[in-house]
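> The structure under discussion is supplied below as structure tokens; questions concerning it will follow.
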Amino acid sequence: MIRALAAVLTILASPAASECRQALALGLDVSASVDSHEYRLQTDGLAAALQRPEVVQLMLSDIGAPVRLAIFEWSETHYQRILLGWTEIRTAQDLADVTTLLNSVTRGTAPRGTAVGSAMQFGADLLSQQKDCWKRTLDLSGDGKHNLGPHPSGVKQQLENSGITINGLVIGADDPSHGDKRYVQVGELSAYYNTWVILGPGAFVEVALGFEAYEDAMTRKLIRELQGLTVSDASEALRMD
């Protein structure tokens with residue numbers, strides 16, 4: 001076992017393997033339930049999370065095997081808008097450029113519906129472009145359940161052997177006057193994502209009680225996603241090659 005572990009670590013240290021530590025695709029819900037103020041809280045919250053010192057440290061922890069980042073918006077079946085194409089994060093300036101983009105982006109004219117399954121398919125297609133990465137993760141944010149297009153359960157089944165991980169960030173109602181209903185609503189949405197959306201070993205759902213809490217929730221999620229490549233992740237990547 002020790003010899004096998006040493007062999008894997010030796011391979012990981014070799015130049016051939018040092019191409020991409022993780023491909024991370026971030027999908028942001030822009031359906032009708034997300035108003036203009038919430039849109040800004042989401043994009044600016046992601047930008048701020050990417051500048052948190054602990055996130056920056058993890059992003060830049062191995063510039064020989066950098067993280068590759070892509071960001072897109074989604075709503076209905078055929079609406080996905082790429083905000084950031086695949087970008088290697090090697091320096092603090094690379095991250096600063098991403099945050100500048102997010103802070104300046106304006107909302108497009110998105111259809112009203114919520115096609116979670118289609119967003120999963122789109123994110124998986126993006127990640128299929130990054131097969132040389134040791135780990136490939138789709139980070140899907142949303143504040144509602146699927147209401148058109150392919151059901152997430154069927155898409156999840158199709159992606160079972162794809163080698164990707166799908167994590168969720170569910171966003172609850174912002175209005176404090178909803179009282180306990182806020183906790184019920186976000187609890188139901190979290191259960192929905194746990195059952196039908198997330199995929200892969202170690203996949204998880206993070207919760208933001210409202211869009212005001214999005215930055216902190218995204219920070220927690222990024223830290224958890226970026227905390228080190230495990231030996232099992234590396235071994236699986238090598239096996240799939």
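Here's how to read the names in the structure tokens: chain A, B, ... by the order shown, residue numbers from 1 in each chain, ligand numbers from 1 in the order shown.
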From stretch 3-241 of chain A, collect each residue whose DSSP state is alpha helix (DSSP H) and return the set as a PyMOL selection string.

chain A and resi 3-13+36-50+53-59+92-104+116-127+152-158+180-196+214-226+231-240

> From the DSSP assignment of the backbone, select every residue of stretch 125-238 of chain A that is strand (DSSP E or B), and format the answer as a ChimeraX atom specification.

/A:135-142,165-171,199,205-208

> Wanna dump the stretch 46-95 of chain A-stretch 140-152 of chain A contacts at 12 Å for me, each residue with its shortest atom pair and the distance in Å to one decimal, counting only C-alpha atoms, ordered by chain and number, as a Markdown table?


```
| residue | atom | partner | partner_atom | distance |
| --- | --- | --- | --- | --- |
| A:Leu46 | CA | A:Ser141 | CA | 10.7 |
| A:Ala70 | CA | A:Leu140 | CA | 11.9 |
| A:Ile71 | CA | A:Leu140 | CA | 10.1 |
| A:Phe72 | CA | A:Leu140 | CA | 9.7 |
| A:Glu73 | CA | A:Ser141 | CA | 9.6 |
| A:Trp74 | CA | A:Gly142 | CA | 9.4 |
| A:Ser75 | CA | A:Gly142 | CA | 9.6 |
| A:Glu76 | CA | A:Leu148 | CA | 7.3 |
| A:Thr77 | CA | A:Gly149 | CA | 5.5 |
| A:His78 | CA | A:Gly149 | CA | 9.0 |
| A:Tyr79 | CA | A:Gly149 | CA | 11.2 |
```

> Write out as an mmCIF file with N, CA and C atoms, in the first residue's frame the residues lying within 12 Å of stretch 219-222 of chain A, counting only C-alpha atoms and excluding same-chain residues fewer than 6 positions away.


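Output file result35.cif follows:
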```
data_model
loop_
_atom_site.group_PDB
_atom_site.id
_atom_site.type_symbol
_atom_site.label_atom_id
_atom_site.label_comp_id
_atom_site.auth_asym_id
_atom_site.auth_seq_id
_atom_site.Cartn_x
_atom_site.Cartn_y
_atom_site.Cartn_z
ATOM 1 N N GLN A 22 -7.624 21.184 -11.071
ATOM 2 C CA GLN A 22 -9.080 21.087 -11.015
ATOM 3 C C GLN A 22 -9.708 22.013 -12.039
ATOM 4 N N LEU A 24 -13.159 23.871 -12.632
ATOM 5 C CA LEU A 24 -14.301 24.271 -11.817
ATOM 6 C C LEU A 24 -15.222 25.152 -12.652
ATOM 7 N N ALA A 25 -16.408 24.634 -12.964
ATOM 8 C CA ALA A 25 -17.409 25.396 -13.718
ATOM 9 C C ALA A 25 -18.486 25.874 -12.765
ATOM 10 N N LEU A 26 -18.746 27.177 -12.745
ATOM 11 C CA LEU A 26 -19.704 27.787 -11.828
ATOM 12 C C LEU A 26 -20.935 28.224 -12.612
ATOM 13 N N GLY A 45 -21.320 38.788 -5.164
ATOM 14 C CA GLY A 45 -20.977 37.863 -4.082
ATOM 15 C C GLY A 45 -19.949 36.844 -4.522
ATOM 16 N N LEU A 46 -20.094 36.329 -5.744
ATOM 17 C CA LEU A 46 -19.081 35.410 -6.267
ATOM 18 C C LEU A 46 -17.746 36.118 -6.419
ATOM 19 N N ALA A 47 -17.775 37.341 -6.945
ATOM 20 C CA ALA A 47 -16.536 38.110 -7.094
ATOM 21 C C ALA A 47 -15.844 38.303 -5.746
ATOM 22 N N ALA A 48 -16.611 38.661 -4.733
ATOM 23 C CA ALA A 48 -16.031 38.874 -3.401
ATOM 24 C C ALA A 48 -15.502 37.575 -2.815
ATOM 25 N N ALA A 49 -16.230 36.466 -3.029
ATOM 26 C CA ALA A 49 -15.766 35.168 -2.518
ATOM 27 C C ALA A 49 -14.442 34.779 -3.135
ATOM 28 N N LEU A 50 -14.263 35.091 -4.410
ATOM 29 C CA LEU A 50 -13.003 34.757 -5.091
ATOM 30 C C LEU A 50 -11.832 35.606 -4.597
ATOM 31 N N GLN A 51 -12.132 36.681 -3.869
ATOM 32 C CA GLN A 51 -11.066 37.515 -3.309
ATOM 33 C C GLN A 51 -10.840 37.273 -1.820
ATOM 34 N N ARG A 52 -11.615 36.396 -1.204
ATOM 35 C CA ARG A 52 -11.371 36.068 0.199
ATOM 36 C C ARG A 52 -9.972 35.450 0.326
ATOM 37 N N PRO A 53 -9.195 35.874 1.312
ATOM 38 C CA PRO A 53 -7.804 35.395 1.420
ATOM 39 C C PRO A 53 -7.674 33.883 1.422
ATOM 40 N N GLU A 54 -8.586 33.184 2.107
ATOM 41 C CA GLU A 54 -8.473 31.735 2.171
ATOM 42 C C GLU A 54 -8.749 31.083 0.826
ATOM 43 N N VAL A 55 -9.631 31.696 0.028
ATOM 44 C CA VAL A 55 -9.908 31.172 -1.311
ATOM 45 C C VAL A 55 -8.728 31.451 -2.237
ATOM 46 N N VAL A 56 -8.197 32.668 -2.175
ATOM 47 C CA VAL A 56 -7.030 33.007 -2.990
ATOM 48 C C VAL A 56 -5.872 32.061 -2.689
ATOM 49 N N GLN A 57 -5.640 31.802 -1.416
ATOM 50 C CA GLN A 57 -4.548 30.917 -1.021
ATOM 51 C C GLN A 57 -4.719 29.521 -1.620
ATOM 52 N N LEU A 58 -5.945 28.989 -1.564
ATOM 53 C CA LEU A 58 -6.196 27.667 -2.112
ATOM 54 C C LEU A 58 -6.092 27.666 -3.633
ATOM 55 N N MET A 59 -6.595 28.695 -4.269
ATOM 56 C CA MET A 59 -6.524 28.785 -5.729
ATOM 57 C C MET A 59 -5.079 28.781 -6.224
ATOM 58 N N VAL A 67 -5.731 25.723 -11.152
ATOM 59 C CA VAL A 67 -7.173 25.549 -11.301
ATOM 60 C C VAL A 67 -7.596 26.251 -12.587
ATOM 61 N N LEU A 69 -10.981 27.828 -14.432
ATOM 62 C CA LEU A 69 -12.271 28.344 -13.995
ATOM 63 C C LEU A 69 -13.110 28.755 -15.199
ATOM 64 N N THR A 137 -15.321 19.669 -11.615
ATOM 65 C CA THR A 137 -16.439 19.965 -10.713
ATOM 66 C C THR A 137 -17.368 20.999 -11.309
ATOM 67 N N LEU A 138 -18.669 20.701 -11.272
ATOM 68 C CA LEU A 138 -19.703 21.669 -11.611
ATOM 69 C C LEU A 138 -20.300 22.181 -10.315
ATOM 70 N N ASP A 139 -20.334 23.494 -10.172
ATOM 71 C CA ASP A 139 -20.801 24.173 -8.971
ATOM 72 C C ASP A 139 -22.070 24.923 -9.352
ATOM 73 N N LEU A 140 -23.252 24.343 -9.072
ATOM 74 C CA LEU A 140 -24.512 24.868 -9.582
ATOM 75 C C LEU A 140 -25.293 25.588 -8.481
ATOM 76 N N SER A 141 -25.522 26.910 -8.672
ATOM 77 C CA SER A 141 -26.317 27.701 -7.737
ATOM 78 C C SER A 141 -27.747 27.810 -8.245
ATOM 79 N N ILE A 166 -20.765 17.053 -9.189
ATOM 80 C CA ILE A 166 -21.698 18.184 -9.200
ATOM 81 C C ILE A 166 -22.047 18.521 -7.758
ATOM 82 N N ASN A 167 -21.767 19.759 -7.359
ATOM 83 C CA ASN A 167 -22.160 20.278 -6.057
ATOM 84 C C ASN A 167 -23.236 21.331 -6.236
ATOM 85 N N GLY A 168 -24.021 21.577 -5.196
ATOM 86 C CA GLY A 168 -25.086 22.562 -5.280
ATOM 87 C C GLY A 168 -24.952 23.654 -4.234
ATOM 88 N N LEU A 169 -25.424 24.854 -4.604
ATOM 89 C CA LEU A 169 -25.561 25.943 -3.640
ATOM 90 C C LEU A 169 -27.006 26.422 -3.746
ATOM 91 N N VAL A 170 -27.824 26.079 -2.771
ATOM 92 C CA VAL A 170 -29.240 26.455 -2.818
ATOM 93 C C VAL A 170 -29.454 27.752 -2.051
ATOM 94 N N ALA A 203 -19.726 14.684 -3.064
ATOM 95 C CA ALA A 203 -20.581 15.788 -3.517
ATOM 96 C C ALA A 203 -21.440 16.293 -2.358
ATOM 97 N N PHE A 204 -21.751 17.591 -2.366
ATOM 98 C CA PHE A 204 -22.468 18.184 -1.239
ATOM 99 C C PHE A 204 -23.320 19.365 -1.686
ATOM 100 N N VAL A 205 -24.197 19.789 -0.797
ATOM 101 C CA VAL A 205 -25.032 20.971 -1.011
ATOM 102 C C VAL A 205 -24.711 22.000 0.066
ATOM 103 N N GLU A 206 -24.389 23.216 -0.353
ATOM 104 C CA GLU A 206 -24.201 24.340 0.559
ATOM 105 C C GLU A 206 -25.485 25.167 0.548
ATOM 106 N N VAL A 207 -25.770 25.877 1.643
ATOM 107 C CA VAL A 207 -27.027 26.605 1.781
ATOM 108 C C VAL A 207 -26.769 28.080 2.087
ATOM 109 N N ALA A 208 -27.456 28.949 1.336
ATOM 110 C CA ALA A 208 -27.534 30.379 1.657
ATOM 111 C C ALA A 208 -28.985 30.686 1.977
ATOM 112 N N ALA A 213 -26.861 36.272 1.864
ATOM 113 C CA ALA A 213 -25.903 35.331 2.451
ATOM 114 C C ALA A 213 -25.108 34.570 1.384
ATOM 115 N N GLY A 228 -7.426 20.726 -1.503
ATOM 116 C CA GLY A 228 -6.504 19.619 -1.749
ATOM 117 C C GLY A 228 -7.022 18.529 -2.656
#
```

> Find the residues around A:Arg136 up to 8 Å (only C-alpha atoms counted), leave out those fewer than 2 positions away in its own chain, and share them as a ChimeraX atom specification.

/A:22-24,127,130-131,133-134,138,163-165

> Pick the closest to A:Gln158 from A:Asp132, A:Ser61, A:Ser31, A:Leu199: which is it, counting only C-alpha atoms?

A:Leu199
